[in-house]
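final_16.txt (compact mmCIF, C-alpha atoms)
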```txt
# COMPACT_ATOMS: atom_id res chain seq x y z
CA MET Y 1 -5.32 -8.74 33.69
CA THR Y 2 -3.30 -5.77 34.86
CA HIS Y 3 -1.52 -3.64 32.25
CA PHE Y 4 1.54 -1.71 33.25
CA PRO Y 5 2.84 1.24 31.24
CA PRO Y 6 6.03 0.52 29.30
CA PRO Y 7 9.21 1.72 30.94
CA SER Y 8 10.28 5.16 29.87
CA THR Y 9 13.44 5.22 27.79
CA SER Y 10 13.85 8.97 27.81
CA SER Y 11 14.67 9.35 31.50
CA ARG Y 12 16.00 6.75 33.86
CA SER Y 13 15.12 6.77 37.50
CA ASP Y 14 17.22 5.77 40.43
CA SER Y 15 15.91 3.78 43.41
CA THR Y 16 14.27 6.88 44.93
CA GLY Y 17 12.32 7.64 41.78
CA GLU Y 18 14.42 10.74 40.95
CA PRO Y 19 15.43 11.16 37.33
CA ALA Y 20 19.05 10.21 36.71
CA THR Y 21 21.46 13.12 36.56
CA ARG Y 22 23.22 14.05 33.34
CA ALA Y 23 26.48 12.71 34.78
CA GLU Y 24 24.87 9.33 35.49
CA GLN Y 25 23.41 9.25 32.00
CA ALA Y 26 26.80 10.12 30.49
CA ARG Y 27 28.48 7.45 32.58
CA ALA Y 28 25.89 4.86 31.47
CA LEU Y 29 26.41 5.82 27.83
CA CYS Y 30 30.19 5.48 28.15
CA LEU Y 31 29.88 2.10 29.85
CA ARG Y 32 27.51 0.90 27.11
CA LEU Y 33 29.98 2.01 24.43
CA LEU Y 34 32.90 0.41 26.28
CA THR Y 35 30.99 -2.86 26.53
CA ALA Y 36 31.02 -3.21 22.74
CA ARG Y 37 34.77 -2.54 22.37
CA ALA Y 38 37.62 -0.58 23.90
CA ARG Y 39 37.56 3.11 22.99
CA THR Y 40 39.83 6.09 23.38
CA ARG Y 41 39.01 9.04 25.55
CA ALA Y 42 38.63 11.20 22.44
CA GLU Y 43 36.10 8.78 20.91
CA LEU Y 44 33.98 8.83 24.07
CA GLU Y 45 34.32 12.60 24.30
CA GLY Y 46 33.01 12.87 20.76
CA GLN Y 47 30.05 10.61 21.49
CA LEU Y 48 29.14 12.61 24.59
CA ALA Y 49 29.42 15.91 22.70
CA LYS Y 50 27.29 14.52 19.86
CA ARG Y 51 24.56 13.76 22.38
CA GLY Y 52 24.70 17.22 23.91
CA TYR Y 53 26.47 16.62 27.21
CA ALA Y 54 28.20 19.66 28.69
CA ASP Y 55 31.99 19.72 28.61
CA ASP Y 56 32.29 19.79 32.40
CA VAL Y 57 30.01 16.75 32.77
CA SER Y 58 31.92 14.87 30.06
CA ALA Y 59 35.29 15.72 31.59
CA ALA Y 60 34.21 14.59 35.06
CA VAL Y 61 32.78 11.29 33.80
CA LEU Y 62 35.78 10.57 31.56
CA ASP Y 63 38.27 11.47 34.30
CA ARG Y 64 36.54 8.99 36.61
CA LEU Y 65 36.62 6.25 33.96
CA VAL Y 66 40.34 6.91 33.43
CA ASP Y 67 40.93 6.74 37.20
CA VAL Y 68 39.27 3.32 37.48
CA GLY Y 69 41.12 2.05 34.41
CA LEU Y 70 38.23 1.64 31.99
CA ILE Y 71 39.78 4.14 29.58
CA ASP Y 72 43.49 3.72 28.82
CA ASP Y 73 44.69 5.22 25.55
CA ARG Y 74 48.15 3.61 25.85
CA ASP Y 75 46.71 0.14 26.28
CA PHE Y 76 44.18 0.80 23.50
CA ALA Y 77 46.94 1.88 21.09
CA GLU Y 78 49.13 -1.13 21.88
CA GLN Y 79 46.26 -3.58 21.40
CA TRP Y 80 45.10 -1.81 18.23
CA VAL Y 81 48.59 -1.95 16.69
CA ARG Y 82 49.13 -5.58 17.65
CA SER Y 83 45.74 -6.67 16.34
CA ARG Y 84 45.60 -4.65 13.12
CA HIS Y 85 49.21 -5.45 12.17
CA ALA Y 86 48.83 -9.18 12.80
CA ASN Y 87 45.29 -9.74 11.55
CA ALA Y 88 44.67 -7.08 8.89
CA GLY Y 89 48.31 -6.76 7.82
CA LYS Y 90 48.29 -2.98 8.20
CA SER Y 91 51.55 -1.10 7.79
CA LYS Y 92 53.04 1.29 10.30
CA ARG Y 93 51.86 4.25 8.22
CA ALA Y 94 48.26 2.99 8.09
CA LEU Y 95 48.24 2.27 11.83
CA LEU Y 96 49.54 5.77 12.55
CA SER Y 97 46.69 7.24 10.53
CA GLU Y 98 44.07 5.05 12.21
CA LEU Y 99 45.27 5.94 15.71
CA ARG Y 100 45.29 9.66 14.88
CA THR Y 101 41.72 9.30 13.65
CA LYS Y 102 40.82 7.69 16.98
CA GLY Y 103 42.25 10.73 18.82
CA VAL Y 104 45.30 9.07 20.35
CA ASP Y 105 48.15 11.38 21.39
CA ASN Y 106 51.23 11.41 19.10
CA GLU Y 107 53.55 10.37 21.94
CA VAL Y 108 51.36 7.35 22.71
CA ILE Y 109 51.23 6.47 18.99
CA THR Y 110 55.01 6.62 18.69
CA THR Y 111 55.39 4.30 21.68
CA ALA Y 112 52.82 1.84 20.36
CA LEU Y 113 54.41 1.70 16.90
CA ALA Y 114 57.95 1.29 18.25
CA GLY Y 115 57.54 -2.49 18.21
CA ILE Y 116 57.16 -2.59 14.43
CA ASP Y 117 60.50 -2.23 12.73
CA ALA Y 118 61.16 -2.18 8.98
CA GLY Y 119 62.07 -5.87 8.98
CA ALA Y 120 58.85 -6.92 10.69
CA GLU Y 121 56.83 -4.73 8.35
CA ARG Y 122 58.50 -6.23 5.27
CA ALA Y 123 58.04 -9.76 6.62
CA ARG Y 124 54.30 -9.12 7.10
CA ALA Y 125 54.02 -7.71 3.55
CA GLU Y 126 55.81 -10.81 2.18
CA GLN Y 127 53.44 -13.08 4.08
CA LEU Y 128 50.40 -11.23 2.75
CA VAL Y 129 51.67 -11.54 -0.84
CA ARG Y 130 52.57 -15.23 -0.39
CA ASP Y 131 49.08 -15.97 0.93
CA LYS Y 132 47.44 -14.23 -2.03
CA LEU Y 133 49.81 -15.77 -4.59
CA ARG Y 134 48.86 -19.28 -3.54
CA ARG Y 135 45.39 -18.61 -4.95
CA GLU Y 136 46.48 -16.79 -8.12
CA LYS Y 137 46.92 -18.23 -11.58
CA LEU Y 138 50.31 -17.06 -12.76
CA GLY Y 139 50.26 -18.61 -16.20
CA ASP Y 140 53.58 -19.17 -17.88
CA ALA Y 141 56.49 -16.76 -17.67
CA SER Y 142 55.99 -15.66 -21.29
CA ASP Y 143 52.48 -14.32 -20.60
CA ARG Y 144 53.50 -10.80 -19.53
CA ASP Y 145 49.92 -9.44 -19.47
CA ALA Y 146 48.82 -12.04 -16.93
CA GLN Y 147 51.98 -11.47 -14.86
CA ASN Y 148 51.49 -7.70 -14.86
CA LYS Y 149 47.82 -8.04 -13.94
CA VAL Y 150 48.66 -10.19 -10.91
CA ALA Y 151 51.49 -7.86 -9.91
CA ARG Y 152 49.25 -4.78 -10.12
CA ARG Y 153 46.59 -6.50 -8.03
CA LEU Y 154 49.11 -7.47 -5.35
CA VAL Y 155 50.78 -4.04 -5.24
CA GLY Y 156 47.33 -2.48 -4.92
CA MET Y 157 46.48 -4.81 -2.04
CA LEU Y 158 49.63 -3.75 -0.20
CA ALA Y 159 49.03 -0.07 -0.99
CA ARG Y 160 45.54 -0.27 0.53
CA ARG Y 161 47.14 -1.58 3.71
CA GLY Y 162 49.52 1.40 3.79
CA TYR Y 163 52.75 -0.08 2.44
CA GLY Y 164 54.96 2.18 0.34
CA GLN Y 165 54.95 1.72 -3.43
CA SER Y 166 58.62 0.88 -3.79
CA MET Y 167 58.59 -1.72 -1.03
CA ALA Y 168 55.33 -3.19 -2.33
CA LEU Y 169 56.72 -3.53 -5.84
CA ASP Y 170 59.95 -5.05 -4.55
CA VAL Y 171 58.11 -7.57 -2.36
CA VAL Y 172 55.66 -8.53 -5.11
CA THR Y 173 58.44 -9.01 -7.68
CA ALA Y 174 60.49 -11.19 -5.34
CA GLU Y 175 57.53 -13.26 -4.14
CA MET Y 176 56.22 -13.82 -7.67
CA ALA Y 177 59.64 -15.14 -8.69
CA ASN Y 178 59.70 -17.41 -5.63
CA GLU Y 179 56.20 -18.68 -6.40
CA ARG Y 180 57.09 -19.45 -10.02
CA GLU Y 181 60.11 -21.44 -8.80
CA ARG Y 182 57.99 -23.26 -6.23
CA ARG Y 183 55.44 -24.23 -8.88
CA LYS Y 184 58.14 -25.59 -11.22
CA VAL Y 185 59.08 -28.26 -8.70
```
Please go through the file and, once you have read it, give me the structure as structure tokens.
Amino acid sequence: MTHFPPPSTSSRSDSTGEPATRAEQARALCLRLLTARARTRAELEGQLAKRGYADDVSAAVLDRLVDVGLIDDRDFAEQWVRSRHANAGKSKRALLSELRTKGVDNEVITTALAGIDAGAERARAEQLVRDKLRREKLGDASDRDAQNKVARRLVGMLARRGYGQSMALDVVTAEMANERERRKV
């Protein structure tokens, strides 16, 4: 039985047996990262820098990926906002913070968040509270401690998603009243 040495993971070879260049390695790393999920240019830049790639190599690889359309910060920001607002219920303020963390340009962020107006943000907060209230025990209206406990929990949930305190309190108060009326019927 013939035993072959395991393939080397430290240096790739091309078809001629030459070790892959740093640019090819950087490109392969970026493509691997992009396979998992879409990423911003700044995220990929950070990953390349963390692994010791020179700035000129990183810039050349990233410029090429932008040219072929594999990196598009505008598209990333629009998809991120749409997904996180609809699925996670994040507020405009929370989305702004997340996109800044991802290294997206402020102009791109402003454009991506333009689709969320105050009415849409309030409607999403109301829906989040309604969904949570369906599973809560409200007790009777005279049990203030139980009411306050539920209200604090719901306001906290909205605050963690980036909604302002005054709007969160207003939404929770209104939705709790609506839920009490609904349960009376």
Give me, as a PDB file with C-alpha atoms, in the frame of the given file, all polymer residues having an atom no more than 12 Å from Gly46 in chain Y, counting all atoms listed in the file and skipping those fewer than 5 positions away in the same chain.
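Output contents, as saved in out-v2.pdb:
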```pdb
ATOM      1  CA  ALA Y  26      26.800  10.120  30.490  1.00  0.00           C
ATOM      2  CA  LEU Y  29      26.410   5.820  27.830  1.00  0.00           C
ATOM      3  CA  CYS Y  30      30.190   5.480  28.150  1.00  0.00           C
ATOM      4  CA  LEU Y  33      29.980   2.010  24.430  1.00  0.00           C
ATOM      5  CA  ARG Y  39      37.560   3.110  22.990  1.00  0.00           C
ATOM      6  CA  THR Y  40      39.830   6.090  23.380  1.00  0.00           C
ATOM      7  CA  ARG Y  41      39.010   9.040  25.550  1.00  0.00           C
ATOM      8  CA  ARG Y  51      24.560  13.760  22.380  1.00  0.00           C
ATOM      9  CA  GLY Y  52      24.700  17.220  23.910  1.00  0.00           C
ATOM     10  CA  TYR Y  53      26.470  16.620  27.210  1.00  0.00           C
ATOM     11  CA  ALA Y  54      28.200  19.660  28.690  1.00  0.00           C
ATOM     12  CA  ASP Y  55      31.990  19.720  28.610  1.00  0.00           C
ATOM     13  CA  SER Y  58      31.920  14.870  30.060  1.00  0.00           C
ATOM     14  CA  ALA Y  59      35.290  15.720  31.590  1.00  0.00           C
ATOM     15  CA  LEU Y  62      35.780  10.570  31.560  1.00  0.00           C
ATOM     16  CA  THR Y 101      41.720   9.300  13.650  1.00  0.00           C
ATOM     17  CA  LYS Y 102      40.820   7.690  16.980  1.00  0.00           C
ATOM     18  CA  GLY Y 103      42.250  10.730  18.820  1.00  0.00           C
TER      19      GLY Y 103
END
```
Please tell me which residues are no farther than 9 Å from (55.8, -10.4, -8.5) in the file, counting all atoms listed in the file, and write them as a list in words.
Val129, Leu133, Gln147, Asn148, Val150, Ala151, Arg152, Leu154, Val155, Leu169, Asp170, Val171, Val172, Thr173, Ala174, Glu175, Met176, Ala177, Asn178 and Glu179 of chain Y
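Closest approach to Ser83 in chain Y among Y:Leu70, Y:Leu65, Y:Val57, Y:Ala112: Y:Ala112, based on only C-alpha atoms.
Proximity to Arg22 in chain Y was assessed for Y:Val66, Y:Gln79, Y:Asp56, Y:Gly164 counting only C-alpha atoms; the smallest distance is recorded for Y:Asp56.
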Give me, as a ChimeraX atom specification, all polymer residues having an atom no more than 12 Å from Ile71 in chain Y, counting all atoms listed in the file and skipping those fewer than 3 positions away in the same chain.
/Y:30-31,33-35,37-45,61-68,74-77,104
Pick out the residues sitting within 10 Å of range 113-115 of chain Y, and hand them over as a ChimeraX atom specification; count only C-alpha atoms, and ignore anything fewer than 3 positions along from it in its own chain.
/Y:77-78,81-82,91-93,95-96,108-110,118,120
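Taking CA of Gln47 in chain Y as the reference point, CA of Thr111 in chain Y is found at 26.1 Å.
Taking CA of Ser97 in chain Y and CA of Trp80 in chain Y as endpoints, the distance between them is 12.0 Å.
Put simply, CA of Asp117 in chain Y is 19.4 Å away from CA of Arg100 in chain Y.
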Selected residue of minimal separation from Glu126 in chain Y among Y:Leu158, Y:Ala36, Y:Ala28, Y:Ala49, counting all atoms listed in the file:
Y:Leu158
Expected file for range 134-166 of chain Y keeping C-alpha atoms, as a PDB file, in the first residue's frame:
```pdb
ATOM      1  CA  ARG Y 134     -49.641  37.450  23.804  1.00  0.00           C
ATOM      2  CA  ARG Y 135     -47.423  35.208  25.945  1.00  0.00           C
ATOM      3  CA  GLU Y 136     -47.480  37.343  29.113  1.00  0.00           C
ATOM      4  CA  LYS Y 137     -49.717  36.939  32.124  1.00  0.00           C
ATOM      5  CA  LEU Y 138     -51.137  40.364  32.813  1.00  0.00           C
ATOM      6  CA  GLY Y 139     -53.161  39.518  35.885  1.00  0.00           C
ATOM      7  CA  ASP Y 140     -55.990  41.837  36.772  1.00  0.00           C
ATOM      8  CA  ALA Y 141     -55.821  45.602  36.431  1.00  0.00           C
ATOM      9  CA  SER Y 142     -55.601  46.056  40.215  1.00  0.00           C
ATOM     10  CA  ASP Y 143     -52.314  44.114  40.456  1.00  0.00           C
ATOM     11  CA  ARG Y 144     -49.959  47.052  39.829  1.00  0.00           C
ATOM     12  CA  ASP Y 145     -46.783  45.102  40.682  1.00  0.00           C
ATOM     13  CA  ALA Y 146     -47.478  42.511  37.994  1.00  0.00           C
ATOM     14  CA  GLN Y 147     -48.390  45.240  35.487  1.00  0.00           C
ATOM     15  CA  ASN Y 148     -45.219  47.202  36.226  1.00  0.00           C
ATOM     16  CA  LYS Y 149     -43.069  44.083  35.986  1.00  0.00           C
ATOM     17  CA  VAL Y 150     -44.445  43.270  32.526  1.00  0.00           C
ATOM     18  CA  ALA Y 151     -44.084  46.889  31.425  1.00  0.00           C
ATOM     19  CA  ARG Y 152     -40.458  47.061  32.584  1.00  0.00           C
ATOM     20  CA  ARG Y 153     -39.661  43.821  30.777  1.00  0.00           C
ATOM     21  CA  LEU Y 154     -41.220  45.072  27.534  1.00  0.00           C
ATOM     22  CA  VAL Y 155     -39.567  48.501  27.700  1.00  0.00           C
ATOM     23  CA  GLY Y 156     -36.244  46.756  28.318  1.00  0.00           C
ATOM     24  CA  MET Y 157     -36.788  44.521  25.296  1.00  0.00           C
ATOM     25  CA  LEU Y 158     -37.382  47.562  23.098  1.00  0.00           C
ATOM     26  CA  ALA Y 159     -34.415  49.412  24.612  1.00  0.00           C
ATOM     27  CA  ARG Y 160     -32.111  46.497  23.771  1.00  0.00           C
ATOM     28  CA  ARG Y 161     -33.255  46.795  20.174  1.00  0.00           C
ATOM     29  CA  GLY Y 162     -32.370  50.499  20.150  1.00  0.00           C
ATOM     30  CA  TYR Y 163     -35.756  52.168  20.586  1.00  0.00           C
ATOM     31  CA  GLY Y 164     -35.879  55.391  22.580  1.00  0.00           C
ATOM     32  CA  GLN Y 165     -37.175  55.262  26.141  1.00  0.00           C
ATOM     33  CA  SER Y 166     -40.095  57.629  25.647  1.00  0.00           C
TER      34      SER Y 166
END
```
